[in-house]
Each structure stands twice: as structure tokens, then as C-alpha cells.
file final23.txt (compact mmCIF, C-alpha atoms)
# COMPACT_ATOMS: atom_id res chain seq x y z
CA MET A 1 0.00 0.00 0.00
CA ASP A 2 1.22 3.48 -0.87
CA LEU A 3 0.74 5.53 2.30
CA GLY A 4 0.88 8.75 0.30
CA ILE A 5 3.02 10.71 2.76
CA ALA A 6 6.40 10.84 1.00
CA GLY A 7 7.71 14.38 1.17
CA LYS A 8 5.56 15.34 4.16
CA THR A 9 7.25 16.80 7.25
CA ALA A 10 6.92 15.19 10.69
CA LEU A 11 7.98 16.36 14.12
CA VAL A 12 8.31 13.29 16.32
CA ALA A 13 8.59 14.23 19.98
CA ALA A 14 10.91 12.25 22.25
CA SER A 15 12.21 10.22 19.32
CA THR A 16 15.75 9.46 20.46
CA GLY A 17 14.60 6.13 21.88
CA GLY A 18 11.69 3.81 22.57
CA LEU A 19 8.39 4.14 20.76
CA GLY A 20 9.18 7.62 19.45
CA LEU A 21 12.23 6.25 17.65
CA ALA A 22 10.17 3.37 16.26
CA VAL A 23 7.68 5.85 14.79
CA ALA A 24 10.44 8.06 13.38
CA ARG A 25 11.95 5.06 11.62
CA ALA A 26 8.61 3.94 10.20
CA LEU A 27 7.81 7.42 8.85
CA ALA A 28 11.29 7.78 7.37
CA ALA A 29 10.82 4.47 5.56
CA GLU A 30 7.78 6.05 3.86
CA GLY A 31 9.80 9.05 2.67
CA VAL A 32 8.60 11.46 5.35
CA ARG A 33 11.02 14.22 6.33
CA VAL A 34 11.57 13.62 10.03
CA ALA A 35 12.62 15.92 12.85
CA VAL A 36 14.18 13.70 15.52
CA VAL A 37 13.62 15.60 18.75
CA GLY A 38 14.99 14.85 22.19
CA ARG A 39 17.27 16.02 24.97
CA ARG A 40 20.20 13.88 23.82
CA ARG A 41 21.91 15.81 21.03
CA GLU A 42 24.48 13.18 20.07
CA ARG A 43 21.92 10.38 20.07
CA ALA A 44 19.63 12.44 17.85
CA LYS A 45 22.51 13.02 15.43
CA GLU A 46 23.27 9.28 15.33
CA ILE A 47 19.64 8.50 14.49
CA VAL A 48 19.54 11.12 11.73
CA ALA A 49 22.71 9.68 10.21
CA GLU A 50 21.14 6.22 10.31
CA LEU A 51 17.93 7.41 8.64
CA GLN A 52 19.74 9.40 5.97
CA ALA A 53 21.99 6.45 5.14
CA ALA A 54 18.98 4.16 4.82
CA TYR A 55 16.46 6.38 3.07
CA GLY A 56 17.82 9.65 1.74
CA THR A 57 20.47 11.81 0.25
CA GLY A 58 21.31 13.62 3.46
CA MET A 59 21.07 16.97 1.69
CA LEU A 60 18.83 19.52 3.34
CA GLY A 61 16.41 21.06 0.90
CA SER A 62 16.51 18.13 -1.50
CA ALA A 63 13.31 16.90 -3.11
CA GLY A 64 13.58 13.53 -1.40
CA PHE A 65 13.73 12.30 2.18
CA ASP A 66 15.62 14.20 4.83
CA ALA A 67 15.95 14.31 8.60
CA VAL A 68 17.21 16.75 11.17
CA ALA A 69 18.40 16.31 14.76
CA ILE A 70 16.93 18.76 17.26
CA GLU A 71 18.01 19.00 20.86
CA ALA A 72 15.11 20.34 22.89
CA ASP A 73 13.46 19.87 26.26
CA LEU A 74 9.79 19.64 25.31
CA GLY A 75 8.84 20.04 28.94
CA THR A 76 9.57 23.75 28.64
CA PRO A 77 7.93 26.47 26.50
CA GLU A 78 11.35 27.43 25.16
CA GLY A 79 12.07 23.86 24.10
CA ILE A 80 8.75 23.54 22.30
CA GLU A 81 9.25 26.82 20.46
CA SER A 82 12.78 25.82 19.45
CA ALA A 83 11.72 22.37 18.23
CA VAL A 84 8.91 23.73 16.08
CA ASP A 85 10.97 26.59 14.67
CA GLN A 86 13.92 24.36 13.81
CA THR A 87 11.67 21.77 12.17
CA VAL A 88 10.01 24.37 9.95
CA ALA A 89 13.30 26.07 9.10
CA ASN A 90 15.03 22.84 8.08
CA LEU A 91 12.25 20.64 6.73
CA GLY A 92 9.23 22.82 6.03
CA PRO A 93 5.78 23.24 7.61
CA ILE A 94 4.74 20.45 9.95
CA ASP A 95 2.25 18.04 8.36
CA ILE A 96 2.53 15.25 10.92
CA LEU A 97 2.87 15.84 14.65
CA VAL A 98 3.63 12.84 16.85
CA LEU A 99 3.08 13.55 20.53
CA ASN A 100 5.25 11.55 22.88
CA GLY A 101 7.13 11.96 26.11
CA PRO A 102 8.58 10.24 29.15
CA GLY A 103 6.29 8.36 31.46
CA PRO A 104 5.88 9.49 35.08
CA LYS A 105 7.02 7.52 38.08
CA PRO A 106 4.97 4.51 39.23
CA GLY A 107 2.74 4.90 42.26
CA ALA A 108 -0.59 3.94 43.81
CA ALA A 109 -3.64 6.21 43.58
CA ALA A 110 -4.11 6.21 47.35
CA THR A 111 -0.66 7.74 47.87
CA LEU A 112 -0.88 10.54 45.28
CA SER A 113 0.07 13.96 46.60
CA PRO A 114 -1.17 17.29 45.23
CA ALA A 115 2.23 17.64 43.57
CA ASP A 116 1.77 14.27 41.87
CA MET A 117 -1.60 15.33 40.51
CA ALA A 118 -0.13 18.55 39.19
CA ALA A 119 2.72 16.61 37.63
CA ALA A 120 0.26 14.40 35.74
CA PHE A 121 -1.09 17.45 33.94
CA ASP A 122 2.25 19.25 33.60
CA LEU A 123 4.01 16.23 32.12
CA LEU A 124 1.32 14.56 30.03
CA VAL A 125 -1.03 17.34 28.91
CA LYS A 126 0.55 20.80 28.85
CA PRO A 127 3.54 20.08 26.56
CA HIS A 128 1.35 18.22 24.05
CA HIS A 129 -1.23 20.99 24.05
CA ALA A 130 1.53 23.52 23.41
CA LEU A 131 2.88 21.52 20.45
CA VAL A 132 -0.59 21.15 18.96
CA SER A 133 -1.22 24.86 19.37
CA ARG A 134 1.91 25.64 17.36
CA ALA A 135 1.42 23.09 14.57
CA LEU A 136 -2.36 22.98 14.12
CA PRO A 137 -3.01 26.41 12.51
CA GLY A 138 -0.78 25.58 9.53
CA MET A 139 -2.37 22.17 9.10
CA ARG A 140 -5.84 23.70 9.03
CA GLU A 141 -4.75 26.37 6.58
CA ARG A 142 -3.23 23.78 4.21
CA ARG A 143 -6.21 21.44 4.80
CA TRP A 144 -4.08 18.43 5.60
CA GLY A 145 -2.64 17.23 8.86
CA ARG A 146 -2.06 14.30 11.15
CA ILE A 147 -1.80 14.53 14.92
CA LEU A 148 -0.98 11.25 16.63
CA ALA A 149 -0.37 10.78 20.33
CA ILE A 150 1.56 7.83 21.68
CA GLY A 151 -0.49 6.95 24.73
CA SER A 152 -0.81 3.93 26.96
CA SER A 153 -3.19 1.02 27.31
CA GLY A 154 -3.99 2.66 30.64
CA VAL A 155 -6.27 4.99 28.65
CA ALA A 156 -8.49 2.00 27.86
CA ALA A 157 -8.06 0.20 31.19
CA PRO A 158 -6.16 1.96 34.02
CA LEU A 159 -3.02 0.06 34.94
CA PRO A 160 -2.13 -0.94 38.52
CA ASN A 161 0.46 1.23 40.26
CA LEU A 162 0.56 3.80 37.44
CA ALA A 163 -1.89 6.30 38.92
CA VAL A 164 -0.12 9.44 37.68
CA SER A 165 0.16 8.04 34.15
CA ASN A 166 -3.47 6.86 34.13
CA THR A 167 -4.65 10.30 35.25
CA GLY A 168 -2.60 12.42 32.86
CA ARG A 169 -3.03 10.22 29.81
CA ALA A 170 -6.80 10.05 30.27
CA ALA A 171 -6.91 13.86 30.40
CA LEU A 172 -4.88 14.08 27.18
CA ALA A 173 -7.18 11.56 25.50
CA GLY A 174 -10.22 13.66 26.41
CA TYR A 175 -8.64 16.79 24.95
CA LEU A 176 -7.61 15.07 21.73
CA LYS A 177 -10.99 13.38 21.24
CA THR A 178 -12.67 16.76 21.55
CA LEU A 179 -10.17 18.34 19.17
CA ALA A 180 -10.67 15.60 16.56
CA ALA A 181 -14.30 16.58 16.02
CA GLU A 182 -13.43 20.27 15.82
CA VAL A 183 -10.84 19.96 13.05
CA ALA A 184 -12.25 17.10 10.97
CA LEU A 185 -13.68 19.48 8.35
CA ASP A 186 -10.17 20.85 7.84
CA GLU A 187 -8.89 17.39 6.79
CA VAL A 188 -6.84 17.08 9.99
CA THR A 189 -7.06 13.78 11.85
CA VAL A 190 -6.34 13.37 15.55
CA ASN A 191 -5.76 9.91 16.99
CA LEU A 192 -4.08 8.02 19.80
CA LEU A 193 -2.05 4.83 19.49
CA LEU A 194 -2.01 2.85 22.72
CA PRO A 195 0.87 0.44 23.26
CA GLY A 196 0.59 -2.63 25.38
CA ARG A 197 3.72 -4.46 26.42
CA ILE A 198 6.17 -3.33 23.73
CA ALA A 199 9.81 -4.33 24.24
CA THR A 200 11.27 -0.91 25.04
CA ASP A 201 13.57 0.38 27.78
CA ARG A 202 10.56 1.97 29.50
CA VAL A 203 8.75 -1.36 29.77
CA ALA A 204 11.94 -3.00 31.02
CA GLN A 205 12.18 -0.33 33.73
CA LEU A 206 8.59 -0.93 34.79
CA ASP A 207 9.18 -4.68 34.89
CA GLN A 208 12.32 -4.15 36.97
CA ALA A 209 10.42 -1.92 39.38
CA ALA A 210 7.71 -4.57 39.71
CA ALA A 211 10.32 -7.24 40.39
CA LYS A 212 11.89 -5.12 43.13
CA ARG A 213 8.53 -4.26 44.65
CA ARG A 214 7.45 -7.89 44.75
CA GLY A 215 10.79 -9.38 45.70
CA THR A 216 11.18 -11.54 42.62
CA THR A 217 13.25 -11.62 39.43
CA LEU A 218 12.86 -9.65 36.22
CA GLN A 219 12.53 -12.92 34.30
CA ASP A 220 9.65 -14.05 36.51
CA ILE A 221 7.85 -10.75 36.02
CA GLN A 222 8.27 -10.94 32.24
CA LEU A 223 7.03 -14.53 32.12
CA GLU A 224 4.01 -13.64 34.20
CA SER A 225 3.33 -10.62 32.00
CA ARG A 226 3.52 -12.63 28.76
CA LYS A 227 0.92 -15.03 30.14
CA THR A 228 -1.59 -12.17 30.33
CA ILE A 229 -1.16 -11.35 26.62
CA PRO A 230 -3.12 -13.50 24.16
CA ALA A 231 -0.21 -13.24 21.70
CA ARG A 232 2.03 -14.59 24.51
CA ARG A 233 4.85 -12.15 23.74
CA TYR A 234 5.85 -8.53 24.00
CA GLY A 235 5.37 -6.48 20.86
CA GLU A 236 8.26 -5.29 18.73
CA PRO A 237 8.85 -1.53 18.37
CA ALA A 238 8.74 -1.89 14.57
CA GLU A 239 5.21 -3.32 14.81
CA PHE A 240 4.11 -0.27 16.76
CA GLY A 241 5.86 2.03 14.30
CA ALA A 242 4.05 0.46 11.37
CA ALA A 243 0.67 1.05 13.00
CA ALA A 244 1.63 4.67 13.67
CA ALA A 245 2.72 5.23 10.06
CA PHE A 246 -0.64 3.98 8.81
CA LEU A 247 -2.59 6.32 11.11
CA CYS A 248 -0.47 9.18 9.72
CA SER A 249 -1.11 8.13 6.13
CA ALA A 250 -3.33 9.43 3.36
CA PRO A 251 -5.44 6.23 3.24
CA ALA A 252 -6.27 6.76 6.94
CA SER A 253 -7.99 10.08 6.22
CA TYR A 254 -11.37 8.80 7.48
CA ILE A 255 -9.97 7.57 10.80
CA THR A 256 -10.08 10.25 13.48
CA GLY A 257 -10.88 10.51 17.16
CA VAL A 258 -9.76 6.91 17.63
CA ALA A 259 -7.69 5.31 20.40
CA LEU A 260 -6.21 2.28 18.64
CA ARG A 261 -4.61 -0.40 20.77
CA CYS A 262 -1.44 -2.12 19.64
CA ASP A 263 -1.22 -4.65 22.45
CA GLY A 264 -1.41 -8.24 21.23
CA GLY A 265 -4.92 -8.50 22.68
CA LEU A 266 -3.86 -7.49 26.22
CA ILE A 267 -6.91 -5.31 26.91
CA ARG A 268 -9.92 -7.61 26.74
CA SER A 269 -12.63 -4.99 26.23
CA LEU A 270 -13.88 -4.07 22.74

call {"tool": "encode", "arguments": {"input": "final23.txt", "output": "C-alpha cells"}}
result
Amino acid sequence: MDLGIAGKTALVAASTGGLGLAVARALAAEGVRVAVVGRRRERAKEIVAELQAAYGTGMLGSAGFDAVAIEADLGTPEGIESAVDQTVANLGPIDILVLNGPGPKPGAAATLSPADMAAAFDLLVKPHHALVSRALPGMRERRWGRILAIGSSGVAAPLPNLAVSNTGRAALAGYLKTLAAEVALDEVTVNLLLPGRIATDRVAQLDQAAAKRRGTTLQDIQLESRKTIPARRYGEPAEFGAAAAFLCSAPASYITGVALRCDGGLIRSL
């Protein structure tokens, strides 16, 4: 299938590792010009070199694929402004915006402090809203755009001991669902992609924390976790990236306001 997005420009937040990197790679494979954004400058440069070697000429301003490394802390207004400005200056107006960021610390709902509740909004809602606010006007003016948030299966079914994440991600989902209906006439789609147990460093950290909390081994936690997944395995980052690329594609123009799970059947509800 031709996804019809070659030559489009994407800003992929927090794409120097994990699911953000998987999405950046999948979009690059489709000929999308990708801004690799993160706080690790050298890692971002390494990824750009990898993508250019695999898919492009490496010449800024060329008619084909390109990528740019952007060091920015998207948790700050200055970082968001810098990331957007550098993307537009190097690659052109943003057609595809992938919202992503670090997950908050684990913790039970009964122990949440007021600071924890504020952090849920500050970490998981405010930066994404700021990015959307910067990129959306141009998408609406050009009458084409894709906004995709990398969420969590906790949006569909809140996860144990991830109270801050469950709270903040649910708030973001509510905002994006509302936005999707408001911009549909402008040919801008807004969706969420919810990972289950994808084999990333973040999932490994959560498994390690669970092992420590329960006084067992990482291997035991992973075995127990796989048993809860109908596919009986963790997902591969490339599988998640492929799903993201489709939701950002031209053929997916009639899919909006959706929270799609990529979880091997982990969440049992429809």
C-alpha cells in the first residue's frame, strides 16, 4: 500500500529512543522528512545519520527524504518553540505531529500527593497541548494534517500502580478526542495509538520496578506478563511504528478521534 506521505514533514517528539524512535523510523521508511527531537543531542545526530543512510540523500532542501536532529526539552515552553521553529526552518511546515514523552514515576492512587496530581497534567497534557497549538493552525490552513499521540493502554483500562500516568493520559485523551471533532472538516485527523507491552527500555524499567517491589526476578515478572497477553509475547517496536505510520497516512484520512490499541490483545474490552 502506498501511504501517500512521501515528502511530508513530521515532528516526532521524544524520538531518540523507545516508541518515538520506532515511529520516526517507520515514517522515514515512507519518505517522510523527520525531525528527531529529544534532549540527547548526540543520540539524535546518530539516528539522523542512520535514517539518511537508509532512506535519503542527506542533503537539506533536497526533493527527497531528509531528517534533522533537534536538541530540545519539550517540557519547557522554550524547548517547544525551538523544536517547532527548527523543524520548519530545516524541513518545512509540519504536516505530521507525533506527541510523545517520558512516562511518570509509578505509584498507587491512594498515595498521590497534590504535587503528583499537578505533575500528571504538567508532564502529560501541557507540553502536548503547546505543540498542537503551534502546529495545528498551519495544518488547518493547508487542509491536511495528522496529529498522533503515543499513549498507553492505561487509557483503555487503568493500569495498577501507574496512577499518575493513568490520570494524565486520560486527560490528554479527552482533549484530543474533543479536538478531533473540531478539526475534521479541515482534513486534519487526531488519533491516539495505545501500546501494550512493547519491548522498550521503559517497559523493562517498569518490569524491573515490579520485580523489586514484589521481591522476585525480572525474568519471573516478564514470564508472568507474557501469560496475560493472548499473543504470549511482548510487541516489537517496529510493529508499533508500522501502526503509527498507517494512522499518519493518506489512506487513513477517514480515521479520526480513535484510540487504537497495539497490544497483542492485552486489553480484553472491545

call {"tool": "atom_distance", "arguments": {"input": "final23.txt", "atom1": "CA of Trp144 in chain A", "atom2": "CA of Leu247 in chain A"}}
result
13.4 Å

call {"tool": "closest_residue", "arguments": {"input": "final23.txt", "among": "A:Ala180, A:Cys262, A:Arg142, A:Asn166", "to": "Ala238 in chain A", "atoms": "all atoms listed in the file"}}
result
A:Cys262

call {"tool": "atom_distance", "arguments": {"input": "final23.txt", "atom1": "CA of Ala204 in chain A", "atom2": "CA of Arg43 in chain A"}}
result
20.0 Å

call {"tool": "closest_residue", "arguments": {"input": "final23.txt", "among": "A:Arg134, A:Lys227, A:Arg268, A:His129", "to": "Leu172 in chain A", "atoms": "all atoms listed in the file"}}
result
A:His129

call {"tool": "residues_near_point", "arguments": {"input": "final23.txt", "point": "(11.8, 1.5, 25.5)", "cutoff": "7 Å", "atoms": "only C-alpha atoms", "output": "VMD selection string"}}
result
chain A and resid 17 to 19 199 to 203

call {"tool": "atom_distance", "arguments": {"input": "final23.txt", "atom1": "CA of Leu74 in chain A", "atom2": "CA of Ala252 in chain A"}}
result
27.6 Å

call {"tool": "closest_atom_pairs", "arguments": {"input": "final23.txt", "of": "range 150-263 of chain A", "to": "range 78-96 of chain A", "cutoff": "10 Å", "atoms": "all atoms listed in the file", "output": "tab-separated table"}}
result
residue	atom	partner	partner_atom	distance
A:Val188	CA	A:Asp95	CA	9.3
A:Thr189	CA	A:Ile96	CA	9.7
A:Cys248	CA	A:Ile96	CA	6.9
A:Ser249	CA	A:Ile96	CA	9.3

call {"tool": "write_last_selection", "arguments": {"input": "final23.txt", "atoms": "C-alpha atoms", "output": "PDB file, in the frame of the given file"}}
result
ATOM      1  CA  VAL A 188      -6.840  17.080   9.990  1.00  0.00           C
ATOM      2  CA  THR A 189      -7.060  13.780  11.850  1.00  0.00           C
ATOM      3  CA  CYS A 248      -0.470   9.180   9.720  1.00  0.00           C
ATOM      4  CA  SER A 249      -1.110   8.130   6.130  1.00  0.00           C
TER       5      SER A 249
END

call {"tool": "residues_around", "arguments": {"input": "final23.txt", "residues": "Leu266 in chain A", "least_positions_apart": "3", "cutoff": "9 Å", "atoms": "only C-alpha atoms", "output": "mmCIF file with C-alpha atoms, in the frame of the given file"}}
result
data_model
loop_
_atom_site.group_PDB
_atom_site.id
_atom_site.type_symbol
_atom_site.label_atom_id
_atom_site.label_comp_id
_atom_site.auth_asym_id
_atom_site.auth_seq_id
_atom_site.Cartn_x
_atom_site.Cartn_y
_atom_site.Cartn_z
ATOM 1 C CA SER A 153 -3.190 1.020 27.310
ATOM 2 C CA GLY A 196 0.590 -2.630 25.380
ATOM 3 C CA ARG A 197 3.720 -4.460 26.420
ATOM 4 C CA THR A 228 -1.590 -12.170 30.330
ATOM 5 C CA ILE A 229 -1.160 -11.350 26.620
ATOM 6 C CA PRO A 230 -3.120 -13.500 24.160
ATOM 7 C CA ALA A 231 -0.210 -13.240 21.700
ATOM 8 C CA ARG A 261 -4.610 -0.400 20.770
ATOM 9 C CA CYS A 262 -1.440 -2.120 19.640
ATOM 10 C CA ASP A 263 -1.220 -4.650 22.450
#

call {"tool": "residues_around", "arguments": {"input": "final23.txt", "residues": "range 24-34 of chain A", "least_positions_apart": "3", "cutoff": "7 Å", "atoms": "only C-alpha atoms", "output": "count of residues only"}}
result
21

call {"tool": "residues_around", "arguments": {"input": "final23.txt", "residues": "Leu185 in chain A", "least_positions_apart": "3", "cutoff": "12 Å", "atoms": "all atoms listed in the file", "output": "list of chain:residue names"}}
result
A:Met139, A:Arg140, A:Glu141, A:Arg143, A:Trp144, A:Gly145, A:Leu179, A:Ala180, A:Ala181, A:Glu182, A:Val188, A:Thr189, A:Val190, A:Ser253, A:Tyr254, A:Thr256

call {"tool": "closest_residue", "arguments": {"input": "final23.txt", "among": "A:Asp186, A:Glu224, A:Glu42, A:Glu239", "to": "Thr16 in chain A", "atoms": "all atoms listed in the file"}}
result
A:Glu42

call {"tool": "residues_around", "arguments": {"input": "final23.txt", "residues": "range 102-108 of chain A", "least_positions_apart": "5", "cutoff": "6 Å", "atoms": "all atoms listed in the file", "output": "ChimeraX atom specification"}}
result
/A:161-163,165

call {"tool": "closest_residue", "arguments": {"input": "final23.txt", "among": "A:Leu159, A:Ile47, A:Ala135, A:Val164", "to": "Asp122 in chain A", "atoms": "all atoms listed in the file"}}
result
A:Val164
